[in-house]
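Enquirer: Here you go, one structure.
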Amino acid sequence: MANYWLMKSEPFKYGWDDLIAEGEGMWDGVRNHRAKNNLAAMEVGDEAFFYHSREGLEIVGICEISVAGITDPTDETGKWAAVKVKPKRKLAAPVTLKEIKAEPRLSDCELVRLSRLSVASLTPEEWEIICAMAEAKEKQGE
């Protein structure tokens, strides 16, 4: 069974368009223990939402873990984890943090509860709710 994740990046540092241009990107530089544990738990084939933090505050795409279990190459101590990701698809319509916070069924998700966490886990139910929100926005023409 696949696991689901949400990975935050500031679009001016590394955004969805950068991942598209590269075709595969290294997710490194994470220095939070909970986020590190989430990175370490990822498996090849897991899916993750790509979330633009600081600017936009919205989920813009879905990527797939292409290489797991990497020691972060930016860490000289060898303590921190990294993964490689490949873009899977852009969401038809972005889902904003405001919309996520307004959805009662998402009140317990890590994105809401641990708002500063850069790599969060999602339950399959949370994943489906967010995907449905994006599809509903597309149908409404947003």
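Going by the structure tokens order, chains are called A, B, ..., each with residues numbered from 1, while ligands are numbered from 1 in the order shown.
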Determine, counting only C-alpha atoms, which protein, DNA and RNA residues have an atom within 7 Å of an atom of Ala82 in chain A; residues of the same chain fewer than 5 positions away are not included. Present the result as a count of residues only.

Expert: 7

Enquirer: Would you please extract all helix (DSSP H, G or I) residues from chain A, as assigned by DSSP on the backbone, and give them as a VMD selection string?

Expert: chain A and resid 11 to 14 16 to 22 33 to 41 97 to 102 104 to 106 110 to 113 124 to 139

Enquirer: Store the residues picked out above in a file with N, CA and C atoms, as a short mmCIF file (atom, residue, chain, number, x, y, z; two decimals), in the first residue's frame.

Expert:
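Writing done, so here's result-v3.cif:
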```cif
data_model
loop_
_atom_site.label_atom_id
_atom_site.label_comp_id
_atom_site.auth_asym_id
_atom_site.auth_seq_id
_atom_site.Cartn_x
_atom_site.Cartn_y
_atom_site.Cartn_z
N PRO A 11 8.41 28.60 -3.55
CA PRO A 11 8.51 28.59 -5.01
C PRO A 11 9.66 29.43 -5.56
N PHE A 12 10.09 30.44 -4.82
CA PHE A 12 11.21 31.25 -5.31
C PHE A 12 12.55 30.53 -5.11
N LYS A 13 12.56 29.48 -4.26
CA LYS A 13 13.77 28.67 -4.08
C LYS A 13 13.74 27.43 -4.95
N TYR A 14 12.62 26.70 -4.91
CA TYR A 14 12.43 25.50 -5.72
C TYR A 14 10.94 25.26 -5.84
N TRP A 16 7.30 24.16 -8.32
CA TRP A 16 6.79 23.12 -9.20
C TRP A 16 7.43 23.20 -10.58
N ASP A 17 7.53 24.41 -11.11
CA ASP A 17 8.11 24.58 -12.45
C ASP A 17 9.57 24.14 -12.50
N ASP A 18 10.29 24.32 -11.39
CA ASP A 18 11.68 23.85 -11.33
C ASP A 18 11.74 22.33 -11.40
N LEU A 19 10.82 21.66 -10.68
CA LEU A 19 10.78 20.19 -10.71
C LEU A 19 10.43 19.70 -12.11
N ILE A 20 9.49 20.35 -12.76
CA ILE A 20 9.12 19.99 -14.13
C ILE A 20 10.34 20.12 -15.04
N ALA A 21 11.04 21.24 -14.92
CA ALA A 21 12.21 21.50 -15.78
C ALA A 21 13.31 20.46 -15.56
N GLU A 22 13.52 20.05 -14.30
CA GLU A 22 14.57 19.07 -13.99
C GLU A 22 14.15 17.64 -14.35
N HIS A 33 13.26 17.13 12.90
CA HIS A 33 13.28 15.69 13.18
C HIS A 33 12.02 14.97 12.70
N ARG A 34 10.85 15.57 12.88
CA ARG A 34 9.61 14.93 12.41
C ARG A 34 9.64 14.82 10.88
N ALA A 35 10.04 15.90 10.20
CA ALA A 35 10.12 15.89 8.74
C ALA A 35 11.16 14.86 8.28
N LYS A 36 12.27 14.76 8.99
CA LYS A 36 13.31 13.77 8.65
C LYS A 36 12.74 12.36 8.76
N ASN A 37 11.98 12.10 9.82
CA ASN A 37 11.39 10.78 9.99
C ASN A 37 10.41 10.47 8.86
N ASN A 38 9.67 11.50 8.42
CA ASN A 38 8.75 11.31 7.30
C ASN A 38 9.53 10.99 6.02
N LEU A 39 10.61 11.73 5.77
CA LEU A 39 11.45 11.44 4.60
C LEU A 39 12.00 10.02 4.66
N ALA A 40 12.46 9.61 5.84
CA ALA A 40 13.04 8.28 6.01
C ALA A 40 12.00 7.18 5.82
N ALA A 41 10.73 7.49 6.06
CA ALA A 41 9.66 6.49 5.93
C ALA A 41 9.16 6.36 4.49
N LEU A 97 -4.21 26.61 1.38
CA LEU A 97 -4.20 26.31 2.81
C LEU A 97 -5.50 26.78 3.46
N LYS A 98 -5.98 27.93 3.04
CA LYS A 98 -7.24 28.46 3.59
C LYS A 98 -8.39 27.48 3.34
N GLU A 99 -8.45 26.91 2.15
CA GLU A 99 -9.50 25.94 1.82
C GLU A 99 -9.33 24.66 2.64
N ILE A 100 -8.09 24.24 2.82
CA ILE A 100 -7.83 23.04 3.61
C ILE A 100 -8.26 23.25 5.07
N LYS A 101 -7.91 24.42 5.62
CA LYS A 101 -8.29 24.71 7.01
C LYS A 101 -9.80 24.83 7.18
N ALA A 102 -10.50 25.20 6.11
CA ALA A 102 -11.96 25.35 6.17
C ALA A 102 -12.69 24.02 6.05
N PRO A 104 -13.61 20.69 7.57
CA PRO A 104 -13.56 20.04 8.89
C PRO A 104 -12.92 18.66 8.89
N ARG A 105 -13.06 17.91 7.80
CA ARG A 105 -12.50 16.55 7.75
C ARG A 105 -10.97 16.57 7.70
N LEU A 106 -10.37 17.75 7.48
CA LEU A 106 -8.91 17.85 7.42
C LEU A 106 -8.32 18.51 8.67
N GLU A 110 -1.59 16.75 9.37
CA GLU A 110 -0.35 17.38 9.83
C GLU A 110 -0.15 18.78 9.25
N LEU A 111 -0.63 19.02 8.05
CA LEU A 111 -0.51 20.36 7.46
C LEU A 111 -1.21 21.40 8.32
N VAL A 112 -2.32 21.04 8.91
CA VAL A 112 -3.08 21.97 9.75
C VAL A 112 -2.53 21.98 11.18
N ARG A 113 -2.31 20.81 11.75
CA ARG A 113 -1.86 20.72 13.15
C ARG A 113 -0.42 21.16 13.36
N PRO A 124 -4.74 8.13 3.70
CA PRO A 124 -5.39 7.97 2.39
C PRO A 124 -6.69 8.79 2.29
N GLU A 125 -7.43 8.90 3.40
CA GLU A 125 -8.66 9.69 3.40
C GLU A 125 -8.38 11.16 3.16
N GLU A 126 -7.35 11.70 3.84
CA GLU A 126 -6.98 13.11 3.64
C GLU A 126 -6.55 13.36 2.20
N TRP A 127 -5.79 12.42 1.65
CA TRP A 127 -5.34 12.52 0.26
C TRP A 127 -6.55 12.61 -0.68
N GLU A 128 -7.50 11.71 -0.50
CA GLU A 128 -8.69 11.68 -1.37
C GLU A 128 -9.52 12.95 -1.23
N ILE A 129 -9.65 13.46 -0.03
CA ILE A 129 -10.43 14.69 0.18
C ILE A 129 -9.78 15.85 -0.58
N ILE A 130 -8.47 15.97 -0.48
CA ILE A 130 -7.77 17.07 -1.15
C ILE A 130 -7.85 16.91 -2.67
N CYS A 131 -7.70 15.70 -3.17
CA CYS A 131 -7.84 15.47 -4.62
C CYS A 131 -9.24 15.85 -5.08
N ALA A 132 -10.25 15.48 -4.30
CA ALA A 132 -11.64 15.81 -4.65
C ALA A 132 -11.85 17.33 -4.62
N MET A 133 -11.21 18.01 -3.69
CA MET A 133 -11.32 19.48 -3.63
C MET A 133 -10.75 20.11 -4.91
N ALA A 134 -9.63 19.60 -5.39
CA ALA A 134 -9.02 20.13 -6.61
C ALA A 134 -9.93 19.88 -7.81
N GLU A 135 -10.51 18.69 -7.88
CA GLU A 135 -11.41 18.35 -8.98
C GLU A 135 -12.66 19.22 -8.96
N ALA A 136 -13.21 19.46 -7.77
CA ALA A 136 -14.40 20.29 -7.65
C ALA A 136 -14.10 21.72 -8.09
N LYS A 137 -12.94 22.23 -7.74
CA LYS A 137 -12.56 23.58 -8.17
C LYS A 137 -12.44 23.66 -9.68
N GLU A 138 -11.88 22.61 -10.29
CA GLU A 138 -11.73 22.59 -11.75
C GLU A 138 -13.10 22.64 -12.41
N LYS A 139 -14.05 21.86 -11.88
CA LYS A 139 -15.40 21.82 -12.46
C LYS A 139 -16.10 23.17 -12.33
#
```

Enquirer: List as a list in words the protein and nucleic acid residues near Ser53 in chain A, meaning an atom at most 6 Å away when only C-alpha atoms are counted, but skip any in the same chain fewer than 6 places from it.

Expert: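 Listing them by chain and then by number gives Lys8, Ser9 and Glu10 of chain A.
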
Enquirer: Using only C-alpha atoms, find the one residue out of A:Leu6, A:Ala81, A:Met42, A:Cys109 that sits nearest to Ile59 in chain A.

Expert: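 Checking each candidate against Ile59 in chain A, we get A:Leu6 as the closest.
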
Enquirer: Provide the CA of Pro94 in chain A to CA of Trp5 in chain A distance in Å, to one decimal place.

Expert: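 Computing it gives 16.2 Å between the two atoms.
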
Enquirer: Could you write out, as a ChimeraX atom specification, all the residues of chain A that DSSP marks as strand (DSSP E or B)?

Expert: /A:4-9,25-27,47-52,58-71,81-96,119-122

Enquirer: Given only C-alpha atoms as the basis, pick out the residue of A:Val83, A:Met7, A:Ala120, A:Val30 nearest to Ile62 in chain A.

Expert: A:Met7

Enquirer: Of the candidates A:Ser107, A:Thr77, A:Ser115, A:Ser121, which shows the shortest atom-to-atom distance to Phe49 in chain A, using only C-alpha atoms?

Expert: A:Ser121

Enquirer: Hey, which of A:Lys84, A:Lys79, A:His52, A:Lys90 ends up closest to Glu24 in chain A? Count only C-alpha atoms.

Expert: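 Going through A:Lys84, A:Lys79, A:His52, A:Lys90 one by one, the smallest distance to Glu24 in chain A is for A:Lys84.
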
Enquirer: Find the residues around Lys88 in chain A up to 9 Å (only C-alpha atoms counted), leave out those fewer than 6 positions away in its own chain, and share them as number ranges by chain.

Expert: A: 47, 61-64
